[in-house]
Amino acid sequence: MKIVASINDPDMLDLAVSAGANFIELRLDLIEDDLVSTIELIRARTVIPIIATLRSRDEGGRFTGDADAWFEIVDPLIRHVDIVDVEVRYREHAPAIKTHGVQIIASHHRPEMPDRLELDAIESDLRAFGDIPKIAVGPQSQADVLALLAFTAEAQKPICVSIVGDKYRYTRALLPLFGSEFAYCHAGTPTAKGQYHVEELKQLLEMLQ
Ligand SMILES: O=C1C[C@@](O)(C(=O)O)C[C@@H](O)[C@@H]1O
């Protein structure tokens with residue numbers, strides 16, 4: 001299991017690294033500065049693997065362009081990173097991204113809680129173009145939390161499962177124990193509701209394991 005520090009400012013890099021993050025996620029949709037120079041700066045300052053994420057507004061981010069506009073932004077950055085997060089709506093560009101030798105996190109976010117058949121179908125769809133499927137959904141009950149944990153435990157690995165929103169946020173600390181490959185945290189400024197700080201999640205996992 002890897003702890004990902006999701007950052008929107010290169011100034012948070014040192015805090016993320018000192019807190020013990022295993023991966024850095026750069027939320028490109030939340031960065032105001034020039035992306036190429038920002039990513040070159042971060043690459044020069046750490047050997048920790050970098051995930052590049054340009055999150056659409058529909059799935060919780062700020063990017064509103066089409067797939068070609070998305071790829072125009074992401075393409076120049078790929079050579080500096082280790083993993084690229086690709087939503088289903090941008091999947092047509094996955095083959096071109098893979099020619100750079102990077103991995104793809106194929107991601108899907110929705111605020112609702114799909115049933116098991118839907119979760120299985122989403123996973124299958126994501127595995128068709130990505131190396132690691134990432135499914136982030138919104139549990140609405142303790143039964144949903146249990147169903148999400150069961151799905152995670154029984155799914156083919158690797159898989160990343162997370163939750164959308166801050167309802168049942170404790171599930172974020174349990175999903176890695178049930179096989180989720182990545183746990184997304186913040187290093188001072190959350191990039192999504194419900195995130196724990198890297199240090200908090202490390203402590204939680206050390207106590208729970
Ligand atoms: O998909 C995810 C998970 C996330 O939305 C979260 O809820 O922690 C944060 C995003 O930056 C990341 O790309």
# chains A, B, ... in the order shown; residues from 1 in each chain; ligands from 1

call {"tool": "closest_atom_pairs", "arguments": {"of": "chain A", "to": "ligand 1", "cutoff": "7 Å", "atoms": "only C-alpha atoms and all ligand atoms", "output": "tab-separated table"}}
result
residue	atom	partner	partner_atom_place_in_ligand_line	distance
A:Ser6	CA	ligand 1	11 (O)	5.4
A:Glu25	CA	ligand 1	11 (O)	6.9
A:Arg27	CA	ligand 1	11 (O)	6.0
A:Thr53	CA	ligand 1	13 (O)	6.0
A:Arg55	CA	ligand 1	13 (O)	6.8
A:Gly60	CA	ligand 1	5 (O)	6.7
A:Ser107	CA	ligand 1	1 (O)	6.8
A:His109	CA	ligand 1	1 (O)	7.0
A:Ala136	CA	ligand 1	1 (O)	6.5
A:Ser162	CA	ligand 1	3 (C)	6.4
A:Ile163	CA	ligand 1	7 (O)	5.9
A:Val164	CA	ligand 1	7 (O)	5.3
A:Gly165	CA	ligand 1	7 (O)	6.9
A:Tyr184	CA	ligand 1	8 (O)	4.5
A:Cys185	CA	ligand 1	8 (O)	5.9
A:Thr191	CA	ligand 1	11 (O)	5.5
A:Ala192	CA	ligand 1	7 (O)	4.7
A:Lys193	CA	ligand 1	7 (O)	6.2
A:Gly194	CA	ligand 1	7 (O)	6.8
A:Gln195	CA	ligand 1	8 (O)	5.4

call {"tool": "select_by_dssp", "arguments": {"residues": "region 10-161 of chain A", "states": "strand (DSSP E)", "output": "ChimeraX atom specification"}}
result
/A:23-27,50-53,83-87,103-109,132-137,160-161

call {"tool": "residues_around", "arguments": {"residues": "region 71-73 of chain A", "least_positions_apart": "4", "cutoff": "8 Å", "atoms": "only C-alpha atoms", "output": "list in words"}}
result
Ala67, Leu77, Tyr90 and His93 of chain A

call {"tool": "write_last_selection", "arguments": {"atoms": "N, CA and C atoms", "output": "PDB file, in the first residue's frame"}}
result
ATOM      1  N   ALA A  67     -11.259  15.961 -24.527  1.00  0.00           N
ATOM      2  CA  ALA A  67     -10.151  15.004 -24.400  1.00  0.00           C
ATOM      3  C   ALA A  67      -8.887  15.503 -25.088  1.00  0.00           C
ATOM      4  N   LEU A  77       4.108  16.835 -20.157  1.00  0.00           N
ATOM      5  CA  LEU A  77       4.511  16.554 -18.766  1.00  0.00           C
ATOM      6  C   LEU A  77       4.873  15.091 -18.554  1.00  0.00           C
ATOM      7  N   TYR A  90     -11.143  10.415 -21.098  1.00  0.00           N
ATOM      8  CA  TYR A  90      -9.897  10.743 -21.814  1.00  0.00           C
ATOM      9  C   TYR A  90      -9.188   9.484 -22.314  1.00  0.00           C
ATOM     10  N   HIS A  93      -6.630   8.643 -25.302  1.00  0.00           N
ATOM     11  CA  HIS A  93      -5.220   9.043 -25.322  1.00  0.00           C
ATOM     12  C   HIS A  93      -4.319   8.098 -24.523  1.00  0.00           C
TER      13      HIS A  93
END

call {"tool": "closest_atom_pairs", "arguments": {"of": "region 46-108 of chain A", "to": "region 10-22 of chain A", "cutoff": "12 Å", "atoms": "only C-alpha atoms", "output": "CSV"}}
result
residue,atom,partner,partner_atom,distance
A:Thr46,CA,A:Val17,CA,8.3
A:Val47,CA,A:Val17,CA,10.1
A:Ile48,CA,A:Asn22,CA,6.5
A:Pro49,CA,A:Asn22,CA,7.4
A:Ile50,CA,A:Asn22,CA,9.4
A:Ile51,CA,A:Asn22,CA,11.0

call {"tool": "residues_around", "arguments": {"residues": "Ala121 (chain A)", "least_positions_apart": "4", "cutoff": "12 Å", "atoms": "only C-alpha atoms", "output": "tab-separated table (two decimals) with all heavy atoms, in the first residue's frame"}}
result
chain	number	residue	atom	x	y	z
A	108	HIS	N	-12.21	6.54	-12.01
A	108	HIS	CA	-13.65	6.81	-12.12
A	108	HIS	C	-14.14	7.30	-10.76
A	108	HIS	O	-13.88	6.65	-9.74
A	108	HIS	CB	-14.39	5.51	-12.50
A	108	HIS	CG	-15.89	5.65	-12.48
A	108	HIS	ND1	-16.63	6.02	-13.58
A	108	HIS	CD2	-16.78	5.46	-11.47
A	108	HIS	CE1	-17.92	6.05	-13.25
A	108	HIS	NE2	-18.04	5.73	-11.98
A	114	PRO	N	-22.36	2.69	-6.25
A	114	PRO	CA	-22.84	1.67	-7.20
A	114	PRO	C	-23.07	0.35	-6.50
A	114	PRO	O	-22.47	0.08	-5.45
A	114	PRO	CB	-21.68	1.56	-8.20
A	114	PRO	CG	-20.77	2.71	-7.92
A	114	PRO	CD	-20.97	3.07	-6.49
A	115	ASP	N	-23.91	-0.51	-7.10
A	115	ASP	CA	-24.05	-1.85	-6.52
A	115	ASP	C	-22.90	-2.72	-7.03
A	115	ASP	O	-22.07	-2.28	-7.83
A	115	ASP	CB	-25.42	-2.46	-6.86
A	115	ASP	CG	-25.61	-2.70	-8.36
A	115	ASP	OD1	-24.60	-2.85	-9.10
A	115	ASP	OD2	-26.77	-2.69	-8.82
A	116	ARG	N	-22.84	-3.95	-6.59
A	116	ARG	CA	-21.68	-4.79	-6.88
A	116	ARG	C	-21.52	-5.05	-8.36
A	116	ARG	O	-20.39	-5.05	-8.89
A	116	ARG	CB	-21.79	-6.13	-6.11
A	116	ARG	CG	-20.62	-7.07	-6.32
A	116	ARG	CD	-19.31	-6.41	-5.88
A	116	ARG	NE	-18.16	-7.27	-6.13
A	116	ARG	CZ	-17.61	-8.06	-5.18
A	116	ARG	NH1	-18.08	-8.03	-3.97
A	116	ARG	NH2	-16.57	-8.82	-5.46
A	117	LEU	N	-22.63	-5.27	-9.04
A	117	LEU	CA	-22.53	-5.51	-10.49
A	117	LEU	C	-21.94	-4.29	-11.20
A	117	LEU	O	-21.09	-4.42	-12.08
A	117	LEU	CB	-23.92	-5.83	-11.06
A	117	LEU	CG	-24.41	-7.27	-10.91
A	117	LEU	CD1	-25.82	-7.41	-11.47
A	117	LEU	CD2	-23.44	-8.25	-11.60
A	125	ASP	N	-14.08	-2.04	-17.08
A	125	ASP	CA	-13.93	-0.95	-18.07
A	125	ASP	C	-12.59	-0.22	-17.87
A	125	ASP	O	-11.88	0.09	-18.83
A	125	ASP	CB	-15.10	0.04	-17.88
A	125	ASP	CG	-15.21	1.01	-19.04
A	125	ASP	OD1	-14.79	0.65	-20.16
A	125	ASP	OD2	-15.70	2.14	-18.82
A	126	LEU	N	-12.23	0.00	-16.62
A	126	LEU	CA	-10.98	0.71	-16.32
A	126	LEU	C	-9.76	-0.14	-16.66
A	126	LEU	O	-8.75	0.35	-17.19
A	126	LEU	CB	-10.94	1.11	-14.85
A	126	LEU	CG	-11.99	2.15	-14.41
A	126	LEU	CD1	-11.93	2.36	-12.90
A	126	LEU	CD2	-11.80	3.48	-15.14
A	127	ARG	N	-9.88	-1.45	-16.39
A	127	ARG	CA	-8.73	-2.33	-16.68
A	127	ARG	C	-8.49	-2.45	-18.20
A	127	ARG	O	-7.41	-2.83	-18.65
A	127	ARG	CB	-8.94	-3.72	-16.08
A	127	ARG	CG	-8.78	-3.76	-14.56
A	127	ARG	CD	-8.65	-5.18	-14.01
A	127	ARG	NE	-8.79	-5.21	-12.56
A	127	ARG	CZ	-7.78	-4.91	-11.72
A	127	ARG	NH1	-6.59	-4.56	-12.20
A	127	ARG	NH2	-7.96	-4.95	-10.41
A	128	ALA	N	-9.49	-2.10	-18.98
A	128	ALA	CA	-9.34	-2.21	-20.45
A	128	ALA	C	-8.32	-1.20	-20.98
A	128	ALA	O	-7.75	-1.40	-22.06
A	128	ALA	CB	-10.69	-2.00	-21.11
A	133	PRO	N	-6.73	0.26	-11.90
A	133	PRO	CA	-8.04	0.92	-11.83
A	133	PRO	C	-8.19	1.66	-10.51
A	133	PRO	O	-7.74	1.16	-9.47
A	133	PRO	CB	-9.03	-0.23	-11.95
A	133	PRO	CG	-8.31	-1.43	-11.45
A	133	PRO	CD	-6.85	-1.21	-11.74
A	135	ILE	N	-11.26	3.44	-8.34
A	135	ILE	CA	-12.71	3.66	-8.24
A	135	ILE	C	-12.98	4.42	-6.95
A	135	ILE	O	-12.68	3.93	-5.86
A	135	ILE	CB	-13.47	2.32	-8.25
A	135	ILE	CG1	-13.16	1.54	-9.54
A	135	ILE	CG2	-14.96	2.54	-8.08
A	135	ILE	CD1	-13.74	0.13	-9.57
A	151	PHE	N	-15.83	-5.56	-1.84
A	151	PHE	CA	-15.43	-5.44	-3.26
A	151	PHE	C	-13.91	-5.30	-3.36
A	151	PHE	O	-13.25	-5.98	-4.16
A	151	PHE	CB	-16.12	-4.24	-3.91
A	151	PHE	CG	-15.53	-3.84	-5.22
A	151	PHE	CD1	-15.75	-4.60	-6.37
A	151	PHE	CD2	-14.70	-2.72	-5.33
A	151	PHE	CE1	-15.18	-4.25	-7.60
A	151	PHE	CE2	-14.13	-2.35	-6.54
A	151	PHE	CZ	-14.37	-3.12	-7.68
A	155	ALA	N	-11.45	-7.99	-5.16
A	155	ALA	CA	-11.07	-7.55	-6.52
A	155	ALA	C	-9.69	-8.06	-6.89
A	155	ALA	O	-8.82	-8.28	-6.04
A	155	ALA	CB	-11.11	-6.03	-6.62

call {"tool": "closest_residue", "arguments": {"among": "A:Ala173, A:Ala143, A:Gln103, A:Thr152", "to": "Leu205 (chain A)", "atoms": "only C-alpha atoms"}}
result
A:Ala173

call {"tool": "closest_residue", "arguments": {"among": "A:Val4, A:Val137, A:Leu177, A:Leu54", "to": "Val161 (chain A)", "atoms": "only C-alpha atoms"}}
result
A:Val137

call {"tool": "select_by_dssp", "arguments": {"residues": "region 101-151 of chain A", "states": "alpha helix (DSSP H)", "output": "PyMOL selection string"}}
result
chain A and resi 116-127+142-151

call {"tool": "atom_distance", "arguments": {"atom1": "CA of Ile122 (chain A)", "atom2": "CA of Phe63 (chain A)"}}
result
22.1 Å

call {"tool": "residues_around", "arguments": {"residues": "Gly130 (chain A)", "least_positions_apart": "5", "cutoff": "6 Å", "atoms": "only C-alpha atoms", "output": "ChimeraX atom specification"}}
result
/A:104-106

call {"tool": "decode", "arguments": {"residues": "region 194-209 of chain A", "atoms": "all heavy atoms", "output": "PDB file, in the first residue's frame"}}
result
ATOM      1  N   GLY A 194     -12.602  15.117   2.923  1.00  0.00           N
ATOM      2  CA  GLY A 194     -12.435  13.888   3.694  1.00  0.00           C
ATOM      3  C   GLY A 194     -11.019  13.367   3.775  1.00  0.00           C
ATOM      4  O   GLY A 194     -10.753  12.411   4.496  1.00  0.00           O
ATOM      5  N   GLN A 195     -10.077  13.955   3.049  1.00  0.00           N
ATOM      6  CA  GLN A 195      -8.698  13.463   3.093  1.00  0.00           C
ATOM      7  C   GLN A 195      -8.087  13.626   4.485  1.00  0.00           C
ATOM      8  O   GLN A 195      -8.320  14.631   5.158  1.00  0.00           O
ATOM      9  CB  GLN A 195      -7.816  14.237   2.096  1.00  0.00           C
ATOM     10  CG  GLN A 195      -8.045  13.883   0.648  1.00  0.00           C
ATOM     11  CD  GLN A 195      -7.181  14.741  -0.273  1.00  0.00           C
ATOM     12  OE1 GLN A 195      -6.767  15.828   0.071  1.00  0.00           O
ATOM     13  NE2 GLN A 195      -6.930  14.243  -1.470  1.00  0.00           N
ATOM     14  N   TYR A 196      -7.295  12.644   4.886  1.00  0.00           N
ATOM     15  CA  TYR A 196      -6.457  12.792   6.077  1.00  0.00           C
ATOM     16  C   TYR A 196      -5.120  13.397   5.662  1.00  0.00           C
ATOM     17  O   TYR A 196      -4.728  13.280   4.492  1.00  0.00           O
ATOM     18  CB  TYR A 196      -6.204  11.427   6.715  1.00  0.00           C
ATOM     19  CG  TYR A 196      -7.409  10.790   7.366  1.00  0.00           C
ATOM     20  CD1 TYR A 196      -8.097   9.765   6.735  1.00  0.00           C
ATOM     21  CD2 TYR A 196      -7.870  11.225   8.608  1.00  0.00           C
ATOM     22  CE1 TYR A 196      -9.207   9.180   7.321  1.00  0.00           C
ATOM     23  CE2 TYR A 196      -8.983  10.641   9.210  1.00  0.00           C
ATOM     24  CZ  TYR A 196      -9.639   9.621   8.553  1.00  0.00           C
ATOM     25  OH  TYR A 196     -10.745   9.052   9.145  1.00  0.00           O
ATOM     26  N   HIS A 197      -4.414  14.006   6.626  1.00  0.00           N
ATOM     27  CA  HIS A 197      -3.031  14.431   6.380  1.00  0.00           C
ATOM     28  C   HIS A 197      -2.187  13.152   6.266  1.00  0.00           C
ATOM     29  O   HIS A 197      -2.513  12.124   6.888  1.00  0.00           O
ATOM     30  CB  HIS A 197      -2.533  15.306   7.536  1.00  0.00           C
ATOM     31  CG  HIS A 197      -1.234  15.993   7.279  1.00  0.00           C
ATOM     32  ND1 HIS A 197      -0.031  15.315   7.281  1.00  0.00           N
ATOM     33  CD2 HIS A 197      -0.951  17.281   6.994  1.00  0.00           C
ATOM     34  CE1 HIS A 197       0.945  16.163   7.024  1.00  0.00           C
ATOM     35  NE2 HIS A 197       0.419  17.365   6.831  1.00  0.00           N
ATOM     36  N   VAL A 198      -1.097  13.217   5.543  1.00  0.00           N
ATOM     37  CA  VAL A 198      -0.214  12.049   5.387  1.00  0.00           C
ATOM     38  C   VAL A 198       0.161  11.481   6.753  1.00  0.00           C
ATOM     39  O   VAL A 198       0.062  10.266   6.987  1.00  0.00           O
ATOM     40  CB  VAL A 198       1.060  12.431   4.598  1.00  0.00           C
ATOM     41  CG1 VAL A 198       2.090  11.310   4.641  1.00  0.00           C
ATOM     42  CG2 VAL A 198       0.715  12.771   3.158  1.00  0.00           C
ATOM     43  N   GLU A 199       0.544  12.370   7.666  1.00  0.00           N
ATOM     44  CA  GLU A 199       0.958  11.902   9.000  1.00  0.00           C
ATOM     45  C   GLU A 199      -0.192  11.234   9.756  1.00  0.00           C
ATOM     46  O   GLU A 199       0.000  10.214  10.435  1.00  0.00           O
ATOM     47  CB  GLU A 199       1.513  13.081   9.822  1.00  0.00           C
ATOM     48  CG  GLU A 199       2.869  13.570   9.339  1.00  0.00           C
ATOM     49  CD  GLU A 199       3.292  14.863  10.012  1.00  0.00           C
ATOM     50  OE1 GLU A 199       2.411  15.527  10.614  1.00  0.00           O
ATOM     51  OE2 GLU A 199       4.487  15.211   9.920  1.00  0.00           O
ATOM     52  N   GLU A 200      -1.381  11.766   9.605  1.00  0.00           N
ATOM     53  CA  GLU A 200      -2.542  11.173  10.289  1.00  0.00           C
ATOM     54  C   GLU A 200      -2.786   9.755   9.784  1.00  0.00           C
ATOM     55  O   GLU A 200      -2.967   8.815  10.584  1.00  0.00           O
ATOM     56  CB  GLU A 200      -3.790  12.035  10.028  1.00  0.00           C
ATOM     57  CG  GLU A 200      -3.808  13.365  10.734  1.00  0.00           C
ATOM     58  CD  GLU A 200      -5.018  14.199  10.309  1.00  0.00           C
ATOM     59  OE1 GLU A 200      -5.397  14.162   9.110  1.00  0.00           O
ATOM     60  OE2 GLU A 200      -5.591  14.876  11.184  1.00  0.00           O
ATOM     61  N   LEU A 201      -2.769   9.595   8.480  1.00  0.00           N
ATOM     62  CA  LEU A 201      -3.081   8.272   7.939  1.00  0.00           C
ATOM     63  C   LEU A 201      -1.988   7.272   8.279  1.00  0.00           C
ATOM     64  O   LEU A 201      -2.260   6.113   8.603  1.00  0.00           O
ATOM     65  CB  LEU A 201      -3.314   8.325   6.428  1.00  0.00           C
ATOM     66  CG  LEU A 201      -3.855   7.010   5.859  1.00  0.00           C
ATOM     67  CD1 LEU A 201      -5.292   6.762   6.333  1.00  0.00           C
ATOM     68  CD2 LEU A 201      -3.793   6.949   4.358  1.00  0.00           C
ATOM     69  N   LYS A 202      -0.749   7.731   8.261  1.00  0.00           N
ATOM     70  CA  LYS A 202       0.354   6.833   8.644  1.00  0.00           C
ATOM     71  C   LYS A 202       0.150   6.345  10.072  1.00  0.00           C
ATOM     72  O   LYS A 202       0.279   5.148  10.370  1.00  0.00           O
ATOM     73  CB  LYS A 202       1.698   7.552   8.517  1.00  0.00           C
ATOM     74  CG  LYS A 202       2.234   7.583   7.093  1.00  0.00           C
ATOM     75  CD  LYS A 202       3.543   8.347   6.990  1.00  0.00           C
ATOM     76  CE  LYS A 202       4.708   7.584   7.593  1.00  0.00           C
ATOM     77  NZ  LYS A 202       5.168   6.481   6.730  1.00  0.00           N
ATOM     78  N   GLN A 203      -0.216   7.271  10.953  1.00  0.00           N
ATOM     79  CA  GLN A 203      -0.447   6.884  12.362  1.00  0.00           C
ATOM     80  C   GLN A 203      -1.629   5.921  12.468  1.00  0.00           C
ATOM     81  O   GLN A 203      -1.562   4.896  13.159  1.00  0.00           O
ATOM     82  CB  GLN A 203      -0.721   8.139  13.197  1.00  0.00           C
ATOM     83  CG  GLN A 203       0.522   8.991  13.460  1.00  0.00           C
ATOM     84  CD  GLN A 203       0.163  10.343  14.092  1.00  0.00           C
ATOM     85  OE1 GLN A 203      -0.942  10.522  14.623  1.00  0.00           O
ATOM     86  NE2 GLN A 203       1.085  11.295  14.012  1.00  0.00           N
ATOM     87  N   LEU A 204      -2.709   6.244  11.758  1.00  0.00           N
ATOM     88  CA  LEU A 204      -3.890   5.372  11.797  1.00  0.00           C
ATOM     89  C   LEU A 204      -3.520   3.963  11.335  1.00  0.00           C
ATOM     90  O   LEU A 204      -3.855   2.968  11.986  1.00  0.00           O
ATOM     91  CB  LEU A 204      -4.983   5.938  10.889  1.00  0.00           C
ATOM     92  CG  LEU A 204      -5.844   7.072  11.448  1.00  0.00           C
ATOM     93  CD1 LEU A 204      -6.659   7.722  10.333  1.00  0.00           C
ATOM     94  CD2 LEU A 204      -6.760   6.550  12.555  1.00  0.00           C
ATOM     95  N   LEU A 205      -2.811   3.870  10.212  1.00  0.00           N
ATOM     96  CA  LEU A 205      -2.479   2.545   9.675  1.00  0.00           C
ATOM     97  C   LEU A 205      -1.517   1.799  10.583  1.00  0.00           C
ATOM     98  O   LEU A 205      -1.652   0.581  10.774  1.00  0.00           O
ATOM     99  CB  LEU A 205      -1.891   2.688   8.260  1.00  0.00           C
ATOM    100  CG  LEU A 205      -2.883   3.154   7.191  1.00  0.00           C
ATOM    101  CD1 LEU A 205      -2.167   3.378   5.860  1.00  0.00           C
ATOM    102  CD2 LEU A 205      -4.011   2.151   7.021  1.00  0.00           C
ATOM    103  N   GLU A 206      -0.578   2.535  11.192  1.00  0.00           N
ATOM    104  CA  GLU A 206       0.347   1.869  12.128  1.00  0.00           C
ATOM    105  C   GLU A 206      -0.429   1.297  13.324  1.00  0.00           C
ATOM    106  O   GLU A 206      -0.153   0.191  13.785  1.00  0.00           O
ATOM    107  CB  GLU A 206       1.413   2.870  12.617  1.00  0.00           C
ATOM    108  CG  GLU A 206       2.542   3.072  11.614  1.00  0.00           C
ATOM    109  CD  GLU A 206       3.352   4.335  11.876  1.00  0.00           C
ATOM    110  OE1 GLU A 206       3.222   4.908  12.988  1.00  0.00           O
ATOM    111  OE2 GLU A 206       4.091   4.752  10.957  1.00  0.00           O
ATOM    112  N   MET A 207      -1.441   2.030  13.779  1.00  0.00           N
ATOM    113  CA  MET A 207      -2.207   1.542  14.942  1.00  0.00           C
ATOM    114  C   MET A 207      -3.148   0.406  14.566  1.00  0.00           C
ATOM    115  O   MET A 207      -3.379  -0.520  15.330  1.00  0.00           O
ATOM    116  CB  MET A 207      -3.004   2.704  15.540  1.00  0.00           C
ATOM    117  CG  MET A 207      -2.135   3.695  16.300  1.00  0.00           C
ATOM    118  SD  MET A 207      -3.115   4.935  17.161  1.00  0.00           S
ATOM    119  CE  MET A 207      -3.570   6.002  15.803  1.00  0.00           C
ATOM    120  N   LEU A 208      -3.686   0.463  13.308  1.00  0.00           N
ATOM    121  CA  LEU A 208      -4.683  -0.539  12.919  1.00  0.00           C
ATOM    122  C   LEU A 208      -4.043  -1.856  12.485  1.00  0.00           C
ATOM    123  O   LEU A 208      -4.661  -2.918  12.579  1.00  0.00           O
ATOM    124  CB  LEU A 208      -5.549   0.005  11.784  1.00  0.00           C
ATOM    125  CG  LEU A 208      -6.565   1.094  12.158  1.00  0.00           C
ATOM    126  CD1 LEU A 208      -7.177   1.696  10.901  1.00  0.00           C
ATOM    127  CD2 LEU A 208      -7.648   0.512  13.067  1.00  0.00           C
ATOM    128  N   GLN A 209      -2.812  -1.765  11.984  1.00  0.00           N
ATOM    129  CA  GLN A 209      -2.196  -2.991  11.405  1.00  0.00           C
ATOM    130  C   GLN A 209      -1.551  -3.885  12.479  1.00  0.00           C
ATOM    131  O   GLN A 209      -1.096  -3.363  13.478  1.00  0.00           O
ATOM    132  CB  GLN A 209      -1.156  -2.584  10.357  1.00  0.00           C
ATOM    133  CG  GLN A 209      -1.822  -2.175   9.055  1.00  0.00           C
ATOM    134  CD  GLN A 209      -0.806  -1.795   7.972  1.00  0.00           C
ATOM    135  OE1 GLN A 209      -0.776  -2.414   6.939  1.00  0.00           O
ATOM    136  NE2 GLN A 209       0.017  -0.795   8.210  1.00  0.00           N
TER     137      GLN A 209
END
